[in-house]
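Source file: structure34.tsv; contents: TSV, C-alpha atoms.
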chain	number	residue	atom	x	y	z
A	17	MET	CA	-117.58	-85.96	-54.63
A	18	LEU	CA	-121.11	-87.03	-55.45
A	19	VAL	CA	-122.37	-90.30	-56.90
A	20	ILE	CA	-125.44	-90.00	-59.14
A	21	GLU	CA	-127.15	-93.25	-60.00
A	22	TYR	CA	-129.50	-94.26	-62.81
A	23	LYS	CA	-131.06	-97.57	-63.67
A	24	VAL	CA	-130.17	-98.62	-67.20
A	25	LYS	CA	-132.45	-100.16	-69.78
A	26	GLY	CA	-131.16	-102.16	-72.71
A	27	LYS	CA	-131.65	-105.34	-74.71
A	28	ALA	CA	-130.84	-108.89	-73.71
A	29	ASN	CA	-127.63	-108.94	-75.76
A	30	GLN	CA	-126.49	-105.71	-74.06
A	31	TYR	CA	-127.07	-107.21	-70.62
A	32	GLN	CA	-125.05	-110.23	-71.70
A	33	ALA	CA	-122.25	-107.91	-72.84
A	34	ILE	CA	-122.28	-106.19	-69.43
A	35	GLU	CA	-121.99	-109.59	-67.73
A	36	GLU	CA	-119.01	-110.52	-69.91
A	37	THR	CA	-117.38	-107.16	-69.11
A	38	ILE	CA	-117.86	-107.72	-65.38
A	39	GLN	CA	-116.28	-111.16	-65.67
A	40	THR	CA	-113.34	-109.62	-67.53
A	41	VAL	CA	-112.80	-107.15	-64.68
A	42	GLN	CA	-112.78	-110.03	-62.21
A	43	PHE	CA	-110.28	-111.93	-64.36
A	44	ILE	CA	-107.90	-108.93	-64.49
A	45	ARG	CA	-108.08	-108.35	-60.74
A	46	ASN	CA	-107.41	-112.01	-59.94
A	47	LYS	CA	-104.53	-112.20	-62.43
A	48	CYS	CA	-102.94	-109.13	-60.79
A	49	LEU	CA	-103.21	-110.79	-57.39
A	50	HIS	CA	-101.66	-113.96	-58.81
A	51	TYR	CA	-98.85	-111.89	-60.30
A	52	TRP	CA	-98.18	-110.30	-56.89
A	53	MET	CA	-98.21	-113.68	-55.12
A	54	ASP	CA	-95.80	-115.28	-57.61
A	55	SER	CA	-93.35	-112.37	-57.66
A	56	PRO	CA	-90.02	-112.75	-55.81
A	57	LYS	CA	-89.86	-111.25	-52.32
A	58	ASP	CA	-87.29	-108.67	-53.39
A	59	ALA	CA	-89.43	-107.50	-56.33
A	60	LYS	CA	-91.16	-104.16	-55.89
A	61	ILE	CA	-94.83	-104.63	-56.74
A	62	ASP	CA	-96.89	-101.45	-56.49
A	63	ARG	CA	-99.82	-99.86	-58.26
A	64	PHE	CA	-97.70	-98.86	-61.25
A	65	ALA	CA	-96.28	-102.38	-61.62
A	66	LEU	CA	-99.80	-103.82	-61.71
A	67	ASN	CA	-100.83	-101.22	-64.28
A	68	ARG	CA	-97.93	-102.31	-66.46
A	69	TYR	CA	-98.93	-105.93	-65.99
A	70	SER	CA	-102.49	-105.10	-67.07
A	71	THR	CA	-101.00	-103.92	-70.38
A	72	VAL	CA	-99.36	-107.34	-70.73
A	73	LEU	CA	-102.76	-108.95	-70.18
A	74	ARG	CA	-104.27	-106.80	-72.93
A	75	ASN	CA	-101.65	-108.04	-75.37
A	76	GLU	CA	-102.06	-111.65	-74.26
A	77	PHE	CA	-105.83	-112.05	-74.12
A	78	LEU	CA	-108.17	-110.79	-76.83
A	79	PHE	CA	-111.20	-110.47	-74.52
A	80	VAL	CA	-109.13	-108.22	-72.23
A	81	LYS	CA	-107.99	-106.10	-75.17
A	82	LYS	CA	-111.62	-105.46	-76.12
A	83	LEU	CA	-112.12	-103.70	-72.77
A	84	HIS	CA	-111.14	-100.03	-72.75
A	85	SER	CA	-107.66	-99.36	-71.37
A	86	ASN	CA	-109.03	-97.09	-68.62
A	87	ALA	CA	-111.32	-99.86	-67.40
A	88	VAL	CA	-108.41	-102.31	-67.49
A	89	GLN	CA	-106.33	-99.99	-65.31
A	90	ALA	CA	-109.22	-99.51	-62.89
A	91	SER	CA	-109.51	-103.31	-62.63
A	92	ALA	CA	-105.81	-103.60	-61.81
A	93	GLU	CA	-106.24	-100.90	-59.16
A	94	ARG	CA	-108.84	-103.07	-57.48
A	95	GLY	CA	-106.21	-105.73	-56.96
A	96	TRP	CA	-103.75	-103.16	-55.61
A	97	LEU	CA	-106.32	-101.86	-53.11
A	98	ALA	CA	-106.64	-105.33	-51.63
A	99	ILE	CA	-102.85	-105.65	-51.44
A	100	SER	CA	-102.29	-102.17	-49.95
A	101	ARG	CA	-104.99	-102.79	-47.34
A	102	PHE	CA	-103.16	-105.94	-46.29
A	103	TYR	CA	-99.85	-104.04	-46.05
A	104	ASP	CA	-101.44	-101.25	-44.01
A	105	ASN	CA	-102.97	-103.72	-41.56
A	106	CYS	CA	-99.61	-105.41	-41.11
A	107	LYS	CA	-97.79	-102.12	-40.54
A	108	SER	CA	-100.37	-100.92	-38.02
A	109	LYS	CA	-100.24	-104.33	-36.28
A	110	LYS	CA	-103.97	-104.77	-36.47
A	111	PRO	CA	-105.09	-107.51	-34.07
A	112	GLY	CA	-106.45	-110.70	-35.57
A	113	LYS	CA	-106.52	-111.44	-39.27
A	114	LYS	CA	-104.75	-108.94	-41.49
A	115	GLY	CA	-106.96	-109.43	-44.54
A	116	TYR	CA	-104.68	-111.32	-46.89
A	117	PRO	CA	-105.93	-110.70	-50.46
A	118	ARG	CA	-108.22	-113.38	-51.82
A	119	PHE	CA	-109.36	-114.19	-55.33
A	120	GLN	CA	-112.74	-112.76	-56.23
A	121	LYS	CA	-115.58	-114.88	-57.56
A	122	ASP	CA	-118.61	-112.60	-57.18
A	123	ASN	CA	-117.69	-109.33	-58.88
A	124	ARG	CA	-120.71	-107.19	-59.72
A	125	SER	CA	-119.37	-104.03	-61.33
A	126	VAL	CA	-117.10	-102.53	-63.94
A	127	GLU	CA	-115.59	-99.07	-63.69
A	128	TYR	CA	-114.50	-96.73	-66.47
A	129	LYS	CA	-112.43	-93.61	-65.89
A	130	VAL	CA	-112.70	-90.61	-68.22
A	131	GLY	CA	-112.60	-92.76	-71.35
A	132	GLY	CA	-114.59	-95.65	-72.78
A	133	TRP	CA	-117.98	-93.95	-72.57
A	134	LYS	CA	-119.85	-91.07	-74.17
A	135	LEU	CA	-122.87	-89.27	-72.76
A	136	HIS	CA	-125.70	-88.31	-75.12
A	137	PRO	CA	-126.32	-84.54	-75.50
A	138	THR	CA	-129.68	-85.03	-73.74
A	139	LYS	CA	-127.84	-86.81	-70.90
A	140	ARG	CA	-130.56	-89.48	-70.89
A	141	ARG	CA	-128.48	-92.07	-72.73
A	142	ILE	CA	-124.91	-93.30	-72.44
A	143	THR	CA	-122.83	-95.18	-75.00
A	144	PHE	CA	-119.86	-97.40	-74.11
A	145	THR	CA	-117.36	-97.10	-76.92
A	146	ASP	CA	-115.09	-100.09	-76.31
A	147	LYS	CA	-115.37	-103.35	-78.22
A	148	LYS	CA	-117.31	-105.28	-75.58
A	149	GLY	CA	-120.58	-104.63	-77.41
A	150	ILE	CA	-122.51	-102.89	-74.64
A	151	GLY	CA	-123.45	-99.99	-76.90
A	152	GLU	CA	-126.07	-97.39	-76.01
A	153	LEU	CA	-128.11	-97.71	-72.81
A	154	LYS	CA	-131.10	-95.68	-71.69
A	155	LEU	CA	-130.83	-94.00	-68.27
A	156	LEU	CA	-133.87	-94.17	-66.00
A	157	GLY	CA	-134.05	-92.07	-62.83
A	158	LYS	CA	-135.03	-88.79	-61.22
A	159	TRP	CA	-131.52	-87.46	-60.67
A	160	ASN	CA	-130.84	-84.44	-62.82
A	161	ILE	CA	-127.30	-84.73	-64.15
A	162	HIS	CA	-127.88	-81.84	-66.55
A	163	THR	CA	-126.66	-79.35	-63.94
A	164	TYR	CA	-123.13	-80.80	-64.01
A	165	PRO	CA	-120.69	-80.46	-66.93
A	166	VAL	CA	-119.44	-83.64	-68.53
A	167	LYS	CA	-115.85	-82.71	-67.58
A	168	SER	CA	-116.75	-82.99	-63.91
A	169	ILE	CA	-117.64	-86.69	-64.33
A	170	LYS	CA	-114.52	-88.53	-63.21
A	171	ARG	CA	-115.72	-92.14	-63.26
A	172	VAL	CA	-118.61	-94.18	-64.61
A	173	ARG	CA	-119.61	-97.57	-63.24
A	174	LEU	CA	-121.99	-100.28	-64.35
A	175	VAL	CA	-123.32	-102.22	-61.37
A	176	ARG	CA	-125.37	-105.41	-61.32
A	177	ARG	CA	-127.98	-105.80	-58.61
A	178	ALA	CA	-130.78	-108.27	-58.00
A	179	ASP	CA	-133.33	-106.07	-59.75
A	180	GLY	CA	-131.26	-105.05	-62.76
A	181	TYR	CA	-128.28	-102.96	-63.86
A	182	TYR	CA	-127.38	-99.47	-62.71
A	183	CYS	CA	-125.05	-96.76	-64.00
A	184	GLN	CA	-123.23	-94.54	-61.51
A	185	PHE	CA	-121.59	-91.21	-62.30
A	186	VAL	CA	-118.89	-89.99	-59.91
A	187	VAL	CA	-119.10	-86.19	-60.13
A	188	ASP	CA	-116.35	-83.95	-58.79
A	189	VAL	CA	-118.40	-81.37	-56.87
A	190	GLU	CA	-118.23	-80.06	-53.34
A	191	VAL	CA	-121.14	-81.25	-51.22
A	192	LYS	CA	-121.58	-78.46	-48.67
A	193	GLU	CA	-124.50	-76.56	-47.15
A	194	GLN	CA	-124.32	-73.81	-44.58
A	195	LEU	CA	-126.93	-73.85	-41.80
A	196	GLU	CA	-127.52	-71.47	-38.95
A	197	ALA	CA	-126.27	-72.59	-35.53
A	198	THR	CA	-128.96	-74.11	-33.31
A	199	GLY	CA	-127.07	-74.03	-30.01
A	200	ASN	CA	-128.16	-77.64	-29.36
A	201	ALA	CA	-126.01	-80.63	-28.45
A	202	ILE	CA	-127.20	-84.22	-28.21
A	203	GLY	CA	-125.89	-87.60	-27.15
A	204	LEU	CA	-127.07	-90.84	-28.77
A	205	ASP	CA	-127.07	-94.33	-27.31
A	206	VAL	CA	-127.93	-96.98	-29.90
A	207	GLY	CA	-129.62	-100.18	-28.80
A	208	LEU	CA	-131.76	-103.14	-29.82
A	209	GLU	CA	-134.99	-102.39	-27.96
A	210	TYR	CA	-134.98	-98.89	-29.46
A	211	PHE	CA	-132.90	-97.79	-32.43
A	212	TYR	CA	-131.44	-94.99	-30.35
A	213	THR	CA	-132.18	-93.04	-27.18
A	214	ASP	CA	-130.99	-89.45	-27.00
A	215	SER	CA	-129.90	-87.36	-24.03
A	216	ASN	CA	-133.28	-85.57	-24.04
A	217	GLY	CA	-135.13	-88.81	-23.34
A	218	TYR	CA	-136.52	-89.37	-26.85
A	219	GLN	CA	-136.51	-92.97	-28.05
A	220	GLU	CA	-136.59	-93.86	-31.75
A	221	GLU	CA	-138.35	-97.13	-32.55
A	222	ASN	CA	-136.25	-99.94	-33.98
A	223	PRO	CA	-137.81	-100.83	-37.38
A	224	ARG	CA	-136.39	-104.41	-37.46
A	225	PHE	CA	-136.68	-104.68	-41.23
A	226	LEU	CA	-135.09	-108.13	-41.47
A	227	ARG	CA	-137.23	-109.57	-38.68
A	228	LYS	CA	-140.41	-108.35	-40.34
A	229	ALA	CA	-139.40	-109.75	-43.73
A	230	SER	CA	-137.91	-113.00	-42.41
A	231	ALA	CA	-141.02	-115.11	-43.14
A	232	LYS	CA	-141.13	-114.04	-46.80
A	233	ILE	CA	-137.36	-114.43	-47.15
A	234	LYS	CA	-137.44	-117.97	-45.74
A	235	HIS	CA	-140.34	-118.87	-48.02
A	236	ALA	CA	-138.42	-117.56	-51.04
A	237	GLN	CA	-135.35	-119.52	-49.97
A	238	ARG	CA	-137.32	-122.76	-49.67
A	239	ARG	CA	-138.70	-122.23	-53.16
A	240	ILE	CA	-135.16	-122.33	-54.55
A	241	TYR	CA	-134.53	-125.90	-53.40
A	242	LYS	CA	-137.86	-127.09	-54.77
A	243	LYS	CA	-136.71	-126.25	-58.28
A	244	GLU	CA	-134.52	-128.57	-60.32
A	245	LYS	CA	-130.88	-127.59	-60.65
A	246	GLY	CA	-129.89	-126.06	-63.95
A	247	LYS	CA	-133.44	-125.06	-64.87
A	248	ASN	CA	-134.77	-121.55	-65.42
A	249	GLY	CA	-137.23	-121.97	-62.55
A	250	ARG	CA	-134.39	-122.27	-60.07
A	251	SER	CA	-132.71	-119.18	-61.51
A	252	HIS	CA	-135.92	-117.16	-61.24
A	253	ALA	CA	-136.41	-118.34	-57.65
A	254	ARG	CA	-132.90	-117.19	-56.73
A	255	LYS	CA	-133.61	-113.76	-58.23
A	256	ARG	CA	-136.81	-113.43	-56.20
A	257	PHE	CA	-134.88	-114.37	-53.07
A	258	ALA	CA	-132.13	-111.84	-53.82
A	259	LYS	CA	-134.67	-109.08	-54.43
A	260	LYS	CA	-136.14	-109.53	-50.97
A	261	HIS	CA	-132.73	-109.13	-49.36
A	262	LEU	CA	-132.06	-106.09	-51.56
A	263	LYS	CA	-135.30	-104.51	-50.36
A	264	VAL	CA	-134.27	-104.96	-46.72
A	265	SER	CA	-130.85	-103.46	-47.45
A	266	ARG	CA	-132.41	-100.39	-49.07
A	267	GLN	CA	-134.89	-99.97	-46.22
A	268	ARG	CA	-132.06	-99.97	-43.69
A	269	ASN	CA	-130.06	-97.45	-45.64
A	270	GLU	CA	-132.95	-95.03	-46.19
A	271	HIS	CA	-133.93	-95.27	-42.52
A	272	ALA	CA	-130.38	-94.56	-41.31
A	273	LYS	CA	-129.96	-91.77	-43.87
A	274	ARG	CA	-133.21	-90.02	-42.90
A	275	LEU	CA	-132.58	-90.18	-39.15
A	276	ALA	CA	-128.95	-89.07	-39.43
A	277	ARG	CA	-129.89	-86.07	-41.54
A	278	CYS	CA	-132.59	-84.95	-39.12
A	279	VAL	CA	-130.35	-85.36	-36.06
A	280	VAL	CA	-127.43	-83.45	-37.58
A	281	LYS	CA	-129.56	-80.58	-38.92
A	282	SER	CA	-131.19	-80.11	-35.49
A	283	ASN	CA	-127.98	-80.08	-33.42
A	284	ASP	CA	-124.59	-78.39	-33.57
A	285	LEU	CA	-122.91	-81.29	-31.76
A	286	VAL	CA	-123.83	-84.97	-32.06
A	287	ALA	CA	-122.10	-87.43	-29.73
A	288	TYR	CA	-122.23	-91.20	-30.14
A	289	GLU	CA	-120.40	-94.30	-28.96
A	290	ASP	CA	-117.31	-95.50	-30.79
A	291	LEU	CA	-118.57	-99.08	-31.02
A	292	VAL	CA	-116.60	-101.90	-32.63
A	293	VAL	CA	-119.56	-103.67	-34.20
A	294	ARG	CA	-117.48	-106.42	-35.82
A	295	ASN	CA	-116.56	-107.64	-32.34
A	296	MET	CA	-120.09	-107.33	-30.98
A	297	VAL	CA	-121.58	-109.57	-33.67
A	298	LYS	CA	-119.38	-112.44	-32.47
A	299	ASN	CA	-122.12	-113.01	-29.89
A	300	HIS	CA	-124.29	-115.42	-31.88
A	301	CYS	CA	-127.32	-114.65	-29.69
A	302	LEU	CA	-127.37	-110.97	-30.70
A	303	ALA	CA	-125.59	-110.96	-34.07
A	304	LYS	CA	-128.75	-111.02	-36.19
A	305	SER	CA	-130.40	-108.21	-34.23
A	306	ILE	CA	-127.24	-106.08	-34.26
A	307	ASN	CA	-126.82	-106.44	-38.02
A	308	ASP	CA	-130.51	-105.70	-38.52
A	309	ALA	CA	-130.15	-102.43	-36.58
A	310	SER	CA	-127.31	-101.28	-38.92
A	311	TRP	CA	-125.53	-99.10	-36.35
A	312	THR	CA	-122.45	-98.73	-38.54
A	313	GLN	CA	-124.49	-97.40	-41.44
A	314	PHE	CA	-126.19	-94.90	-39.13
A	315	ARG	CA	-122.82	-93.71	-37.87
A	316	GLU	CA	-121.48	-93.31	-41.39
A	317	TRP	CA	-124.39	-91.11	-42.39
A	318	LEU	CA	-124.00	-89.08	-39.19
A	319	GLU	CA	-120.38	-88.36	-40.10
A	320	TYR	CA	-121.23	-87.57	-43.70
A	321	ASN	CA	-124.03	-85.12	-42.80
A	322	ALA	CA	-121.87	-83.52	-40.13
A	323	GLY	CA	-119.30	-82.70	-42.79
A	324	LYS	CA	-121.93	-81.55	-45.26
A	325	PHE	CA	-123.74	-79.19	-42.88
A	326	ASN	CA	-120.62	-78.04	-41.00
A	327	ARG	CA	-121.69	-79.71	-37.76
A	328	GLU	CA	-119.58	-81.59	-35.24
A	329	ALA	CA	-119.82	-85.36	-34.79
A	330	VAL	CA	-117.82	-86.81	-31.91
A	331	ALA	CA	-117.25	-90.51	-31.17
A	332	VAL	CA	-116.53	-91.29	-27.51
A	333	ALA	CA	-115.31	-94.44	-25.78
A	334	PRO	CA	-118.29	-96.58	-24.72
A	335	HIS	CA	-116.73	-97.84	-21.48
A	336	TYR	CA	-119.01	-97.55	-18.42
A	337	THR	CA	-121.48	-95.21	-20.15
A	338	SER	CA	-124.33	-97.46	-19.01
A	339	GLN	CA	-122.96	-98.12	-15.50
A	340	LYS	CA	-121.92	-94.58	-14.57
A	341	CYS	CA	-124.47	-92.24	-12.99
A	342	SER	CA	-124.95	-89.16	-15.15
A	343	LYS	CA	-125.75	-87.04	-12.07
A	344	CYS	CA	-123.13	-87.92	-9.45
A	345	GLY	CA	-120.61	-90.02	-11.42
A	346	ASN	CA	-120.82	-93.13	-9.22
A	347	ILE	CA	-120.67	-96.58	-10.81
A	348	VAL	CA	-123.95	-98.50	-10.48
A	349	LYS	CA	-123.46	-102.10	-11.63
A	350	LYS	CA	-126.40	-103.60	-13.52
A	351	SER	CA	-127.00	-106.42	-15.96
A	352	LEU	CA	-128.46	-106.03	-19.43
A	353	SER	CA	-131.88	-107.10	-18.18
A	354	VAL	CA	-132.06	-104.09	-15.82
A	355	ARG	CA	-133.53	-101.26	-17.92
A	356	THR	CA	-133.76	-98.55	-15.23
A	357	HIS	CA	-130.83	-96.70	-13.70
A	358	ILE	CA	-131.33	-96.05	-9.96
A	359	CYS	CA	-128.56	-94.36	-7.97
A	360	LYS	CA	-128.17	-93.54	-4.27
A	361	CYS	CA	-128.06	-89.84	-5.18
A	362	GLY	CA	-131.71	-90.03	-6.15
A	363	CYS	CA	-131.19	-90.19	-9.90
A	364	LYS	CA	-133.72	-92.47	-11.58
A	365	LEU	CA	-133.60	-92.65	-15.36
A	366	ASN	CA	-134.07	-95.03	-18.22
A	367	ARG	CA	-130.84	-96.97	-18.65
A	368	ASP	CA	-130.32	-95.81	-22.23
A	369	GLU	CA	-131.12	-92.16	-21.45
A	370	ASN	CA	-128.55	-92.21	-18.65
A	371	ALA	CA	-125.99	-93.62	-21.09
A	372	ALA	CA	-126.84	-90.97	-23.70
A	373	ILE	CA	-126.27	-88.19	-21.15
A	374	ASN	CA	-122.89	-89.71	-20.23
A	375	ILE	CA	-121.97	-89.88	-23.91
A	376	LEU	CA	-122.83	-86.21	-24.37
A	377	ASN	CA	-120.82	-85.21	-21.28
A	378	LEU	CA	-117.77	-87.09	-22.56
A	379	ALA	CA	-118.07	-85.38	-25.94
A	380	LEU	CA	-118.33	-81.95	-24.35
A	381	GLN	CA	-115.21	-82.67	-22.30
A	382	ALA	CA	-113.34	-83.76	-25.42
A	383	ARG	CA	-114.56	-80.69	-27.26
A	384	GLY	CA	-113.20	-78.41	-24.54
A	385	GLY	CA	-109.80	-80.08	-24.75
A	386	HIS	CA	-108.91	-81.91	-27.92
A	387	PRO	CA	-111.96	-82.38	-30.15
A	388	GLN	CA	-112.25	-85.85	-31.66
A	389	SER	CA	-114.60	-85.03	-34.47
A	390	ASN	CA	-115.06	-87.77	-37.05
A	391	ALA	CA	-116.93	-85.48	-39.41
A	392	VAL	CA	-115.37	-85.33	-42.84
A	393	GLY	CA	-116.32	-83.28	-45.84
A	394	VAL	CA	-117.35	-86.25	-47.92
A	395	GLY	CA	-119.51	-89.29	-47.54
A	396	VAL	CA	-118.47	-92.74	-46.50
A	397	THR	CA	-120.45	-95.08	-48.66
A	398	THR	CA	-121.55	-95.52	-52.23
A	399	LEU	CA	-124.30	-97.99	-51.39
A	400	VAL	CA	-122.90	-100.58	-53.71
A	401	GLY	CA	-121.15	-102.83	-51.23
A	402	ALA	CA	-117.81	-104.56	-51.23
A	403	THR	CA	-117.69	-105.06	-54.97
A	404	LEU	CA	-116.51	-101.53	-55.69
A	405	LEU	CA	-113.13	-99.92	-55.18
A	406	GLU	CA	-112.39	-99.12	-51.57
A	407	GLN	CA	-111.32	-95.63	-52.61
A	408	THR	CA	-114.96	-94.84	-53.39
A	409	LEU	CA	-115.67	-94.91	-49.67
A	410	THR	CA	-114.87	-91.20	-49.80
A	411	LEU	CA	-117.81	-90.60	-52.10
A	412	SER	CA	-121.48	-90.07	-51.30
A	413	THR	CA	-124.86	-91.05	-52.61
A	414	GLU	CA	-127.94	-89.23	-51.42
A	415	SER	CA	-131.61	-89.89	-51.94
A	416	PRO	CA	-133.55	-87.42	-54.08
A	417	ALA	CA	-136.25	-87.46	-51.42
A	418	LEU	CA	-133.97	-85.86	-48.84
Would you put the structure from the file into structure tokens?
Amino acid sequence: MLVIEYKVKGKANQYQAIEETIQTVQFIRNKCLHYWMDSPKDAKIDRFALNRYSTVLRNEFLFVKKLHSNAVQASAERGWLAISRFYDNCKSKKPGKKGYPRFQKDNRSVEYKVGGWKLHPTKRRITFTDKKGIGELKLLGKWNIHTYPVKSIKRVRLVRRADGYYCQFVVDVEVKEQLEATGNAIGLDVGLEYFYTDSNGYQEENPRFLRKASAKIKHAQRRIYKKEKGKNGRSHARKRFAKKHLKVSRQRNEHAKRLARCVVKSNDLVAYEDLVVRNMVKNHCLAKSINDASWTQFREWLEYNAGKFNREAVAVAPHYTSQKCSKCGNIVKKSLSVRTHICKCGCKLNRDENAAINILNLALQARGGHPQSNAVGVGVTTLVGATLLEQTLTLSTESPAL
């Protein structure tokens, strides 16, 4: 699957219609959750039951009926995804909170299936044919959707971001490229001082996008509270603040995407630590720096590119990779402030390089026995965030520059 994205251009009344459509989607999802919560314990509530209930909502509310039936069903599926995730976490006995479904108040997108929209023959305009009044929108972007038949477009989404509205096309195509084998294998140790250190001793600088933009972000945030509530000035100040955060988010994603692509294309095997970042950010002293480094996003793009280029990406347990000597295997205890690994066997390396070598060795051992490759044939993010269906995590969005 491939997600092709355009920015849309329309009139003020069309943007207002998109906003009303997004609110309708949120209403349907929340009503489906309420229906599940109020149902008797012995009642079987599944995806099909929620789809049937969405039909009841169409008959009951006129503003829901104006939305295309495919979009109504997709909205009900959003509620079921939250419910099924909760069930899966309970069955797997996930430690901590199980993610009980909550009502949504910040929805930013609407999704249509194969109906409710019509693409112009030039494929530079799209018309939404339901009764919400969105009408025809102009598509702005460099992606060339002309190479794909309209039948291969399985879903269309309208997404609101801080800098405008975007249209996404989910195209059913296989994203694969065959490269010649390089014979290289590499281990990566991510960190805060450097973005990563590999087993060859190379250290990639940590860009620290949020840190660099923090002064401007704080200034934009202060400007919000200097404006009177309910006035247009306050609304404009909030938009400027949101745009600065959006810029940082895009910088992180492009940085992780570029590095992951280069690493995977240059090596047949890429080994990295299987870090649980959500637990690491509980340390309030390091949480901001860890989030700014976006390790999870880097890992996701590693796995996506490994599947695309037929490479192998292996996640290994991070235990003792920094303490263990990569030469003799002895444990050398050291605190985080100690940046050089010195062992009695004479091995003297940078702490992170020593860890990267250990990570590579563990991956090679796993490869010889039972490979633990996390590479999949599809991507792991649509770059839209939590507002979209979780099932779209098996889709991919790539930059035209790559």
Problem set entry | Computed interatomic separation between CA of Phe211 (chain A) and CA of Cys359 (chain A) (Å) |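 Taking CA of Phe211 (chain A) as the start and CA of Cys359 (chain A) as the end point, the length is 25.1 Å.
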For this session: Can you pull out every residue within 10 Å of Thr145 (chain A), counting only C-alpha atoms, but drop anything in the same chain fewer than 3 positions away, and send it as a PyMOL selection string?
Result: chain A and resi 83-84+131-134+142+148-152
Problem set entry | Atomic distance CA of Tyr210 (chain A) - CA of Phe314 (chain A), expressed in Å with one decimal |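 For CA of Tyr210 (chain A) relative to CA of Phe314 (chain A), the distance reads 13.7 Å.
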Exercise. Neighbours of region 267-283 of chain A within 6 Å (only C-alpha atoms; same-chain residues fewer than 6 positions away dropped), as a PyMOL selection string?
Worked result: chain A and resi 200-201+314+317-318
Problem set entry | Length of the CA of Thr37 (chain A) to CA of Ala90 (chain A) vector [Å] |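 Separation between CA of Thr37 (chain A) and CA of Ala90 (chain A): 12.8 Å.
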Problem set entry | Counting only C-alpha atoms, the option among A:Asp308, A:Gly112, A:Ala287, A:Ile358 closest to Gln381 (chain A) |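 Looking at the shortest contact to Gln381 (chain A), the residue is A:Ala287.
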Problem set entry | Counting only C-alpha atoms, the option among A:Lys232, A:Lys139, A:Arg383, A:Arg68 closest to Val332 (chain A) | A:Arg383
